[in-house]
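Comments concern the structure below.
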Amino acid sequence: MYDRLKGFRDFYPAEMGSRREVIDTVEDVARRYGFREVGTPALERQRMYVDKSGEEIVDELYTFTDKGGRDVALTPELTPTVARMVVAKQQELSKPIKWFSTRPFWRYEQVQQGRFREFYQTNVDVFGSSDPAADAEILAFAADALTDLGLSSADFEFRVSHRDILGGLLDAFEADGEGNRGDADIDSRDAIRAVDKRAKVEEREYFRLLEEAGLTDSQARRFDDLIAGGDLDAIAEF
């Protein structure tokens with residue numbers, strides 16, 4: 001008798017039926033919005049994730065060296081893969097490119113309530129358009145998917161982040177005259193990655209990550225106050 005691996009799940013028929021109903025509903029909405037389904041591989045080159053997120057991401061991946069000597073990883077997310085697919089055939093694809101897929105992903109993380117090492121998600125992406133309407137369409141799809149699943153608008157809210165705004169805010173801190181530790185530049189990429197982890201780590205760890213990215217303690221706390229407040233006018237004024 002073998003035990004199931006930690007962080008993985010079995011789906012028995014009753015649960016699988018409910019799960020299939022949810023996936024079918026979400027995918028039907030995606031098709032209604034004109035998104036087309038794609039299929040993607042379970043394995044990609046490890047370097048692709050390192051180039052996107054840094055060497056430390058390797059500790060969070062299921063990785064191994066295959067028989068051809070290549071360092072590969074079970075895919076932890078879809079964005080790098082679909083970006084690779086778009087680049088490979090960008091001359092042949094009419095834009096905007098609207099794709100979706102539902103599939104498993106793998107991350108070697110600490111197992112906790114609601115967070116597994118193998119998880120499933122539906123990805124819906126628009127490529128080749130800088131029009132804000134493309135972002136609005138993704139939100140509209142998500143809203144319709146949730147309401148088709150039986151929720152009402154009172155049951156959910158959207159929280160929208162914008163990396164260009166965060167980057168501009170960090171540039172303002174870099175030029176605000178206070179100075180950074182050791183006169184080092186602020187690493188916007190690392191600071192934004194710290195923001196991404198805000199809800200997952202202790203507050204002390206979060207501020208430590210911001211300081212490692214180059215902000216002083218007072219800058220880090222002012223930065224956090226601004227983004228937590230969500231007041232775009234205050235951010236623009238700063």
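If you're wondering about the labels, chains in the structure tokens are A, B, ... by order shown, residues count from 1 in each chain, ligands from 1 in order shown.
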### Task
For stretch 56-71 of chain A, work out the shell of residues within 9 Å, counting only C-alpha atoms and skipping chain neighbours fewer than 3 positions away, then give it as a list in words.
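With the cut-off at 9 Å, the set is Glu44, Arg45, Gln46, Arg47, Tyr49, Val50, Ser53, Leu74, Thr75, Pro76, Trp106, Arg107, Tyr108 and Glu109 of chain A.
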Since we have the selection now, will you write its residues out, keeping C-alpha atoms, as a CSV table (one decimal), in the first residue's frame?
chain,number,residue,atom,x,y,z
A,44,GLU,CA,9.9,23.5,-20.1
A,45,ARG,CA,13.6,24.5,-19.9
A,46,GLN,CA,14.4,25.6,-16.3
A,47,ARG,CA,16.3,28.6,-17.7
A,49,TYR,CA,11.8,30.6,-15.3
A,50,VAL,CA,15.2,31.7,-14.0
A,53,SER,CA,12.1,35.4,-11.9
A,74,LEU,CA,7.5,21.0,-14.5
A,75,THR,CA,5.7,24.1,-15.5
A,76,PRO,CA,4.8,26.3,-12.4
A,106,TRP,CA,3.5,22.3,-10.1
A,107,ARG,CA,5.3,24.3,-7.5
A,108,TYR,CA,7.5,22.8,-4.8
A,109,GLU,CA,6.2,24.9,-1.9
### Task
May I have the residues within 9 Å of A:Ile192 as a count of residues only, using only C-alpha atoms and disregarding those fewer than 3 positions away in the same chain?
10
For the strand (DSSP E) assignment from backbone DSSP, which residues of stretch 111-184 of chain A qualify? Please present them as an mmCIF file with N, CA, C and O atoms, in the first residue's frame.
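Dumped everything to states-v8.cif:
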data_model
loop_
_atom_site.group_PDB
_atom_site.id
_atom_site.type_symbol
_atom_site.label_atom_id
_atom_site.label_comp_id
_atom_site.auth_asym_id
_atom_site.auth_seq_id
_atom_site.Cartn_x
_atom_site.Cartn_y
_atom_site.Cartn_z
ATOM 1 N N GLU A 118 0.576 20.440 -6.536
ATOM 2 C CA GLU A 118 -0.035 20.338 -7.860
ATOM 3 C C GLU A 118 -1.383 21.049 -7.785
ATOM 4 O O GLU A 118 -2.188 20.766 -6.901
ATOM 5 N N PHE A 119 -1.592 21.991 -8.695
ATOM 6 C CA PHE A 119 -2.838 22.746 -8.675
ATOM 7 C C PHE A 119 -3.308 22.961 -10.109
ATOM 8 O O PHE A 119 -2.544 22.816 -11.061
ATOM 9 N N TYR A 120 -4.572 23.311 -10.244
ATOM 10 C CA TYR A 120 -5.181 23.463 -11.562
ATOM 11 C C TYR A 120 -5.719 24.881 -11.709
ATOM 12 O O TYR A 120 -6.264 25.451 -10.757
ATOM 13 N N GLN A 121 -5.568 25.442 -12.885
ATOM 14 C CA GLN A 121 -6.152 26.761 -13.119
ATOM 15 C C GLN A 121 -6.444 26.952 -14.602
ATOM 16 O O GLN A 121 -5.829 26.317 -15.459
ATOM 17 N N THR A 122 -7.413 27.804 -14.851
ATOM 18 C CA THR A 122 -7.709 28.224 -16.217
ATOM 19 C C THR A 122 -7.001 29.542 -16.469
ATOM 20 O O THR A 122 -7.131 30.484 -15.687
ATOM 21 N N ASN A 123 -6.225 29.590 -17.524
ATOM 22 C CA ASN A 123 -5.517 30.812 -17.912
ATOM 23 C C ASN A 123 -6.205 31.424 -19.120
ATOM 24 O O ASN A 123 -6.512 30.721 -20.083
ATOM 25 N N VAL A 124 -6.427 32.721 -19.069
ATOM 26 C CA VAL A 124 -7.036 33.449 -20.175
ATOM 27 C C VAL A 124 -6.148 34.650 -20.464
ATOM 28 O O VAL A 124 -5.895 35.470 -19.573
ATOM 29 N N ASP A 125 -5.647 34.751 -21.695
ATOM 30 C CA ASP A 125 -4.657 35.778 -22.029
ATOM 31 C C ASP A 125 -4.997 36.500 -23.320
ATOM 32 O O ASP A 125 -5.546 35.900 -24.251
ATOM 33 N N VAL A 126 -4.636 37.785 -23.369
ATOM 34 C CA VAL A 126 -4.708 38.573 -24.596
ATOM 35 C C VAL A 126 -3.299 39.069 -24.907
ATOM 36 O O VAL A 126 -2.651 39.680 -24.059
ATOM 37 N N PHE A 127 -2.811 38.808 -26.099
ATOM 38 C CA PHE A 127 -1.504 39.279 -26.554
ATOM 39 C C PHE A 127 -1.691 40.190 -27.766
ATOM 40 O O PHE A 127 -2.622 40.011 -28.549
#
### Query
Using only C-alpha atoms, which residue out of A:Glu205, A:Pro41, A:Ser94, A:Lys6 lies closest to A:Gln110?
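Residue with the minimum atom-to-atom distance to A:Gln110: A:Lys6.
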### Query
Leaving out A:Glu203 and any residue of its chain fewer than 5 positions from it, which residues lie within 12 Å of it when counting only C-alpha atoms, given as a list in words?
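In the requested format, the answer is Ala194, Val195, Lys197, Arg198, Arg208, Leu209, Leu210, Ala220, Arg221 and Asp224 of chain A.
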### Message
Among stretch 72-215 of chain A, which residues does DSSP mark as helix (DSSP H, G or I) when it is run on the backbone? Keep the chain and numbering as in the structure and answer as an MDAnalysis selection string.
### Response
chainID A and resid 79:88 132:148 153:155 163:174 181:183 188:196 203:212
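Atom to atom, atom CA of A:Ser129 and atom CA of A:Ile97 stand 8.3 Å apart.
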### Task
For A:Leu139, work out the shell of residues within 12 Å, counting only C-alpha atoms and skipping chain neighbours fewer than 4 positions away, then give it as JSON, numbers by chain.
{"A": [30, 33, 124, 125, 126, 132, 133, 134, 135, 143, 144, 145, 146, 156, 157, 158, 159, 160]}
### Query
Given the choices A:Leu78, A:Ile227, A:Val26, A:Ala213, which gets closest to A:Ala42 if the distance is worked out from only C-alpha atoms?
A:Leu78
### Query
Contacts of A:Asp24 at 12 Å or less, counting only C-alpha atoms, minus same-chain residues fewer than 4 places along, as a VMD selection string?
chain A and resid 16 to 20 28 to 31 101 to 102 122 145 148 to 149
Writing out the chosen residues with N, CA, C and O atoms as a JSON list (two decimals), in the first residue's frame:
[["chain", "number", "residue", "atom", "x", "y", "z"],
["A", 16, "MET", "N", -15.07, 14.86, -8.72],
["A", 16, "MET", "CA", -14.67, 15.08, -10.10],
["A", 16, "MET", "C", -15.83, 15.63, -10.92],
["A", 16, "MET", "O", -15.64, 16.49, -11.80],
["A", 17, "GLY", "N", -17.06, 15.18, -10.62],
["A", 17, "GLY", "CA", -18.21, 15.69, -11.34],
["A", 17, "GLY", "C", -18.42, 17.18, -11.10],
["A", 17, "GLY", "O", -18.66, 17.95, -12.04],
["A", 18, "SER", "N", -18.29, 17.60, -9.84],
["A", 18, "SER", "CA", -18.43, 19.03, -9.52],
["A", 18, "SER", "C", -17.29, 19.84, -10.16],
["A", 18, "SER", "O", -17.51, 20.93, -10.68],
["A", 19, "ARG", "N", -16.12, 19.25, -10.11],
["A", 19, "ARG", "CA", -14.95, 19.94, -10.68],
["A", 19, "ARG", "C", -15.12, 20.12, -12.19],
["A", 19, "ARG", "O", -14.82, 21.18, -12.74],
["A", 20, "ARG", "N", -15.59, 19.09, -12.86],
["A", 20, "ARG", "CA", -15.81, 19.16, -14.30],
["A", 20, "ARG", "C", -16.84, 20.21, -14.64],
["A", 20, "ARG", "O", -16.70, 20.96, -15.62],
["A", 28, "ASP", "N", -16.66, 27.64, -21.12],
["A", 28, "ASP", "CA", -17.75, 28.09, -21.99],
["A", 28, "ASP", "C", -17.79, 29.61, -22.07],
["A", 28, "ASP", "O", -18.03, 30.19, -23.14],
["A", 29, "VAL", "N", -17.58, 30.27, -20.93],
["A", 29, "VAL", "CA", -17.55, 31.73, -20.93],
["A", 29, "VAL", "C", -16.38, 32.24, -21.76],
["A", 29, "VAL", "O", -16.50, 33.20, -22.53],
["A", 30, "ALA", "N", -15.21, 31.60, -21.63],
["A", 30, "ALA", "CA", -14.03, 32.00, -22.41],
["A", 30, "ALA", "C", -14.32, 31.91, -23.91],
["A", 30, "ALA", "O", -13.99, 32.83, -24.68],
["A", 31, "ARG", "N", -14.96, 30.84, -24.33],
["A", 31, "ARG", "CA", -15.30, 30.68, -25.75],
["A", 31, "ARG", "C", -16.31, 31.76, -26.18],
["A", 31, "ARG", "O", -16.24, 32.26, -27.30],
["A", 101, "SER", "N", -6.58, 28.11, -21.61],
["A", 101, "SER", "CA", -6.34, 26.68, -21.36],
["A", 101, "SER", "C", -6.58, 26.38, -19.89],
["A", 101, "SER", "O", -6.42, 27.25, -19.04],
["A", 102, "THR", "N", -6.96, 25.15, -19.62],
["A", 102, "THR", "CA", -7.11, 24.66, -18.25],
["A", 102, "THR", "C", -6.20, 23.46, -18.09],
["A", 102, "THR", "O", -6.28, 22.52, -18.89],
["A", 122, "THR", "N", -7.41, 27.80, -14.85],
["A", 122, "THR", "CA", -7.71, 28.22, -16.22],
["A", 122, "THR", "C", -7.00, 29.54, -16.47],
["A", 122, "THR", "O", -7.13, 30.48, -15.69],
["A", 145, "ALA", "N", -17.79, 34.64, -15.63],
["A", 145, "ALA", "CA", -17.51, 33.27, -15.20],
["A", 145, "ALA", "C", -17.98, 33.04, -13.77],
["A", 145, "ALA", "O", -18.60, 32.02, -13.45],
["A", 148, "ASP", "N", -21.83, 33.08, -13.67],
["A", 148, "ASP", "CA", -22.37, 31.84, -14.24],
["A", 148, "ASP", "C", -22.19, 30.65, -13.30],
["A", 148, "ASP", "O", -22.92, 29.67, -13.39],
["A", 149, "LEU", "N", -21.22, 30.76, -12.38],
["A", 149, "LEU", "CA", -21.03, 29.73, -11.38],
["A", 149, "LEU", "C", -21.97, 29.90, -10.19],
["A", 149, "LEU", "O", -21.96, 29.10, -9.26]]
### Message
For a test of reading the model, state the distance in Å between atom CA of A:Phe116 and atom CA of A:Phe8, rounded to one decimal.
### Response
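Result for atom CA of A:Phe116 versus atom CA of A:Phe8: 6.3 Å, one decimal.
Comparing A:Ala142, A:Met1, A:Val38, A:Ala199 by their smallest distance to A:Met85, the closest is A:Val38 (using only C-alpha atoms).
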#### Entry: For atom CA of A:Leu226 and atom CA of A:Ala140, the interatomic separation in Å (one decimal)
27.1 Å
#### Entry: Using only C-alpha atoms: which of A:Ala14, A:Ile235, A:Ala154, A:Leu170 has the shortest distance to A:Leu215
A:Leu170
